[in-house]
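Student: Sharing a structure below in structure tokens format, with a few things to ask.
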Amino acid sequence: MQISITGRHVTVTENVKAHVNDKLERSLGVFPRIESIHVILDEEKLLKVAEVVIQAANHIRVSATEKSENLYDAIDRSIEHAERQMRKQRDKIKEHHK
């Protein structure tokens with residue numbers, strides 16, 4: 001699983017990178033078919049924006065965007081949203097193959 005973090009108008013510190021990597025490993029480690037994850041951190045006026053784009057096998061692409069005043073909160077909520085979407089995709093595939 002390849003993880004890349006991009007900051008737009010935001011400086012991505014080592015603490016932010018460690019937080020993102022830790023959260024992704026805990027949340028999305030149960031999905032073995034994930035090929036790459038791209039985390040985009042941005043700042044719009046007073047809000048911090050975190051976008052998570054997940055590319056998985058079988059042409060599955062999941063995108064989740066969250067805004068918050070706190071960057072860590074936006075990261076956590078966007079990863080949770082992406083995890084829910086991945087779980088839904090996995091359940092669709094399991095239902096289809098029954």
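Each chain in the structure tokens gets a letter, A, B and so on, in the order shown; residues start at 1 in every chain, and ligands are counted from 1 in the order they appear.
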Excluding same-chain residues fewer than 5 positions from segment 29-45 of chain A, what lies within 6 Å of it counting only C-alpha atoms, as a VMD selection string?

Tutor: chain A and resid 1 to 10 50 to 57

Student: Quick one: residues within 9 Å of Ala82 of chain A, only C-alpha atoms, excluding same-chain residues fewer than 3 positions away - as a PDB file with C-alpha atoms, in the first residue's frame?

Tutor:
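Wrote selection33.pdb, looks like this:
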ATOM      1  CA  LEU A  28      -7.676   0.620   6.311  1.00  0.00           C
ATOM      2  CA  VAL A  52      -8.483  11.032   0.950  1.00  0.00           C
ATOM      3  CA  VAL A  53      -8.393   9.263  -2.430  1.00  0.00           C
ATOM      4  CA  ILE A  54      -8.073   5.471  -2.332  1.00  0.00           C
ATOM      5  CA  VAL A  62     -13.031   6.025  -3.252  1.00  0.00           C
ATOM      6  CA  SER A  63     -12.806   9.720  -2.428  1.00  0.00           C
ATOM      7  CA  ALA A  64     -13.732  11.433   0.836  1.00  0.00           C
ATOM      8  CA  THR A  65     -13.429  15.142   1.691  1.00  0.00           C
ATOM      9  CA  ARG A  77     -13.215  12.379   9.742  1.00  0.00           C
ATOM     10  CA  SER A  78     -12.128  12.008   6.107  1.00  0.00           C
ATOM     11  CA  ILE A  79     -10.371   8.696   6.826  1.00  0.00           C
ATOM     12  CA  GLN A  85     -17.121   3.704   1.668  1.00  0.00           C
ATOM     13  CA  MET A  86     -14.529   0.921   1.364  1.00  0.00           C
ATOM     14  CA  ARG A  87     -16.575  -1.300   3.680  1.00  0.00           C
TER      15      ARG A  87
END

Student: Identify, with DSSP run on backbone atoms, the residues in chain A assigned to strand (DSSP E or B), and express the list as a ChimeraX atom specification.

Tutor: /A:2-8,34-44,47-56,60-68

Student: At what distance in Å, to one decimal, does atom CA of Ile60 of chain A lie from atom CA of Lys17 of chain A?

Tutor: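 Separation between atom CA of Lys17 of chain A and atom CA of Ile60 of chain A: 24.7 Å.
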
Student: Interatomic distance between atom CA of Lys67 of chain A and atom CA of Arg90 of chain A?

Tutor: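 These atoms are spaced 26.0 Å apart.
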
Student: Could you give me, as a PDB file with N, CA and C atoms, in the first residue's frame, each residue of segment 9-87 of chain A that DSSP assigns to helix (DSSP H, G or I) when run on this structure's backbone?

Tutor:
ATOM      1  N   GLU A  14       6.185  16.506  10.245  1.00  0.00           N
ATOM      2  CA  GLU A  14       6.399  15.091  10.550  1.00  0.00           C
ATOM      3  C   GLU A  14       5.295  14.552  11.454  1.00  0.00           C
ATOM      4  N   ASN A  15       4.787  15.393  12.373  1.00  0.00           N
ATOM      5  CA  ASN A  15       3.702  14.963  13.253  1.00  0.00           C
ATOM      6  C   ASN A  15       2.441  14.658  12.455  1.00  0.00           C
ATOM      7  N   VAL A  16       2.146  15.489  11.463  1.00  0.00           N
ATOM      8  CA  VAL A  16       0.967  15.270  10.625  1.00  0.00           C
ATOM      9  C   VAL A  16       1.151  13.995   9.811  1.00  0.00           C
ATOM     10  N   LYS A  17       2.327  13.790   9.242  1.00  0.00           N
ATOM     11  CA  LYS A  17       2.599  12.572   8.473  1.00  0.00           C
ATOM     12  C   LYS A  17       2.448  11.327   9.342  1.00  0.00           C
ATOM     13  N   ALA A  18       2.984  11.381  10.554  1.00  0.00           N
ATOM     14  CA  ALA A  18       2.889  10.237  11.463  1.00  0.00           C
ATOM     15  C   ALA A  18       1.433   9.969  11.833  1.00  0.00           C
ATOM     16  N   HIS A  19       0.663  11.035  12.080  1.00  0.00           N
ATOM     17  CA  HIS A  19      -0.754  10.877  12.427  1.00  0.00           C
ATOM     18  C   HIS A  19      -1.519  10.233  11.281  1.00  0.00           C
ATOM     19  N   VAL A  20      -1.296  10.716  10.056  1.00  0.00           N
ATOM     20  CA  VAL A  20      -1.987  10.181   8.888  1.00  0.00           C
ATOM     21  C   VAL A  20      -1.618   8.714   8.676  1.00  0.00           C
ATOM     22  N   ASN A  21      -0.342   8.394   8.716  1.00  0.00           N
ATOM     23  CA  ASN A  21       0.092   7.005   8.510  1.00  0.00           C
ATOM     24  C   ASN A  21      -0.471   6.071   9.566  1.00  0.00           C
ATOM     25  N   ASP A  22      -0.442   6.490  10.830  1.00  0.00           N
ATOM     26  CA  ASP A  22      -0.966   5.674  11.913  1.00  0.00           C
ATOM     27  C   ASP A  22      -2.463   5.434  11.748  1.00  0.00           C
ATOM     28  N   LYS A  23      -3.191   6.485  11.454  1.00  0.00           N
ATOM     29  CA  LYS A  23      -4.645   6.379  11.298  1.00  0.00           C
ATOM     30  C   LYS A  23      -5.004   5.491  10.101  1.00  0.00           C
ATOM     31  N   LEU A  24      -4.282   5.649   8.990  1.00  0.00           N
ATOM     32  CA  LEU A  24      -4.559   4.830   7.812  1.00  0.00           C
ATOM     33  C   LEU A  24      -4.245   3.362   8.058  1.00  0.00           C
ATOM     34  N   GLU A  25      -3.145   3.075   8.733  1.00  0.00           N
ATOM     35  CA  GLU A  25      -2.788   1.685   9.008  1.00  0.00           C
ATOM     36  C   GLU A  25      -3.828   1.014   9.902  1.00  0.00           C
ATOM     37  N   ARG A  26      -4.318   1.736  10.902  1.00  0.00           N
ATOM     38  CA  ARG A  26      -5.314   1.164  11.800  1.00  0.00           C
ATOM     39  C   ARG A  26      -6.663   1.003  11.118  1.00  0.00           C
ATOM     40  N   SER A  27      -7.072   1.996  10.341  1.00  0.00           N
ATOM     41  CA  SER A  27      -8.416   1.988   9.759  1.00  0.00           C
ATOM     42  C   SER A  27      -8.519   1.131   8.508  1.00  0.00           C
ATOM     43  N   LEU A  28      -7.562   1.252   7.620  1.00  0.00           N
ATOM     44  CA  LEU A  28      -7.676   0.620   6.311  1.00  0.00           C
ATOM     45  C   LEU A  28      -6.779  -0.594   6.140  1.00  0.00           C
ATOM     46  N   LEU A  71      -7.045  20.709  11.738  1.00  0.00           N
ATOM     47  CA  LEU A  71      -6.531  19.845  10.682  1.00  0.00           C
ATOM     48  C   LEU A  71      -6.623  18.372  11.065  1.00  0.00           C
ATOM     49  N   TYR A  72      -6.284  18.030  12.299  1.00  0.00           N
ATOM     50  CA  TYR A  72      -6.322  16.635  12.737  1.00  0.00           C
ATOM     51  C   TYR A  72      -7.744  16.091  12.725  1.00  0.00           C
ATOM     52  N   ASP A  73      -8.713  16.923  13.103  1.00  0.00           N
ATOM     53  CA  ASP A  73     -10.119  16.509  13.080  1.00  0.00           C
ATOM     54  C   ASP A  73     -10.572  16.248  11.649  1.00  0.00           C
ATOM     55  N   ALA A  74     -10.181  17.105  10.726  1.00  0.00           N
ATOM     56  CA  ALA A  74     -10.544  16.919   9.319  1.00  0.00           C
ATOM     57  C   ALA A  74      -9.927  15.635   8.771  1.00  0.00           C
ATOM     58  N   ILE A  75      -8.690  15.354   9.145  1.00  0.00           N
ATOM     59  CA  ILE A  75      -8.024  14.125   8.701  1.00  0.00           C
ATOM     60  C   ILE A  75      -8.760  12.905   9.232  1.00  0.00           C
ATOM     61  N   ASP A  76      -9.054  12.898  10.532  1.00  0.00           N
ATOM     62  CA  ASP A  76      -9.732  11.753  11.143  1.00  0.00           C
ATOM     63  C   ASP A  76     -11.090  11.497  10.495  1.00  0.00           C
ATOM     64  N   ARG A  77     -11.874  12.552  10.310  1.00  0.00           N
ATOM     65  CA  ARG A  77     -13.215  12.379   9.742  1.00  0.00           C
ATOM     66  C   ARG A  77     -13.164  11.932   8.291  1.00  0.00           C
ATOM     67  N   SER A  78     -12.212  12.429   7.509  1.00  0.00           N
ATOM     68  CA  SER A  78     -12.128  12.008   6.107  1.00  0.00           C
ATOM     69  C   SER A  78     -11.698  10.544   5.996  1.00  0.00           C
ATOM     70  N   ILE A  79     -10.791  10.104   6.852  1.00  0.00           N
ATOM     71  CA  ILE A  79     -10.371   8.696   6.826  1.00  0.00           C
ATOM     72  C   ILE A  79     -11.519   7.796   7.250  1.00  0.00           C
ATOM     73  N   GLU A  80     -12.290   8.200   8.263  1.00  0.00           N
ATOM     74  CA  GLU A  80     -13.447   7.413   8.683  1.00  0.00           C
ATOM     75  C   GLU A  80     -14.482   7.320   7.572  1.00  0.00           C
ATOM     76  N   HIS A  81     -14.698   8.428   6.854  1.00  0.00           N
ATOM     77  CA  HIS A  81     -15.645   8.443   5.739  1.00  0.00           C
ATOM     78  C   HIS A  81     -15.170   7.502   4.635  1.00  0.00           C
ATOM     79  N   ALA A  82     -13.902   7.541   4.306  1.00  0.00           N
ATOM     80  CA  ALA A  82     -13.345   6.655   3.284  1.00  0.00           C
ATOM     81  C   ALA A  82     -13.439   5.193   3.714  1.00  0.00           C
ATOM     82  N   GLU A  83     -13.241   4.938   5.001  1.00  0.00           N
ATOM     83  CA  GLU A  83     -13.341   3.574   5.512  1.00  0.00           C
ATOM     84  C   GLU A  83     -14.772   3.045   5.360  1.00  0.00           C
ATOM     85  N   ARG A  84     -15.763   3.870   5.646  1.00  0.00           N
ATOM     86  CA  ARG A  84     -17.158   3.461   5.466  1.00  0.00           C
ATOM     87  C   ARG A  84     -17.440   3.132   4.001  1.00  0.00           C
ATOM     88  N   GLN A  85     -16.915   3.951   3.090  1.00  0.00           N
ATOM     89  CA  GLN A  85     -17.121   3.704   1.668  1.00  0.00           C
ATOM     90  C   GLN A  85     -16.438   2.411   1.221  1.00  0.00           C
ATOM     91  N   MET A  86     -15.231   2.150   1.718  1.00  0.00           N
ATOM     92  CA  MET A  86     -14.529   0.921   1.364  1.00  0.00           C
ATOM     93  C   MET A  86     -15.273  -0.301   1.901  1.00  0.00           C
ATOM     94  N   ARG A  87     -15.805  -0.197   3.106  1.00  0.00           N
ATOM     95  CA  ARG A  87     -16.575  -1.300   3.680  1.00  0.00           C
ATOM     96  C   ARG A  87     -17.816  -1.580   2.819  1.00  0.00           C
TER      97      ARG A  87
END

Student: Tell me, as a short mmCIF file (atom, residue, chain, number, x, y, z; two decimals) with N, CA, C and O atoms, in the first residue's frame, which residues lie within 7 Å of Glu69 of chain A, counting only C-alpha atoms; anything in the same chain fewer than 2 positions away does not count.

Tutor:
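Once written, out15.cif looks like this:
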data_model
loop_
_atom_site.label_atom_id
_atom_site.label_comp_id
_atom_site.auth_asym_id
_atom_site.auth_seq_id
_atom_site.Cartn_x
_atom_site.Cartn_y
_atom_site.Cartn_z
N LEU A 46 -10.49 30.01 6.88
CA LEU A 46 -10.27 29.55 8.25
C LEU A 46 -10.41 28.04 8.40
O LEU A 46 -10.11 27.50 9.45
N LEU A 47 -10.87 27.35 7.35
CA LEU A 47 -11.11 25.93 7.44
C LEU A 47 -9.95 25.12 6.87
O LEU A 47 -9.33 25.51 5.89
N LYS A 48 -9.71 24.00 7.50
CA LYS A 48 -8.72 23.04 7.00
C LYS A 48 -9.50 21.94 6.27
O LYS A 48 -10.53 21.49 6.72
N LEU A 71 -7.04 20.71 11.74
CA LEU A 71 -6.53 19.85 10.68
C LEU A 71 -6.62 18.37 11.07
O LEU A 71 -7.04 17.54 10.25
#
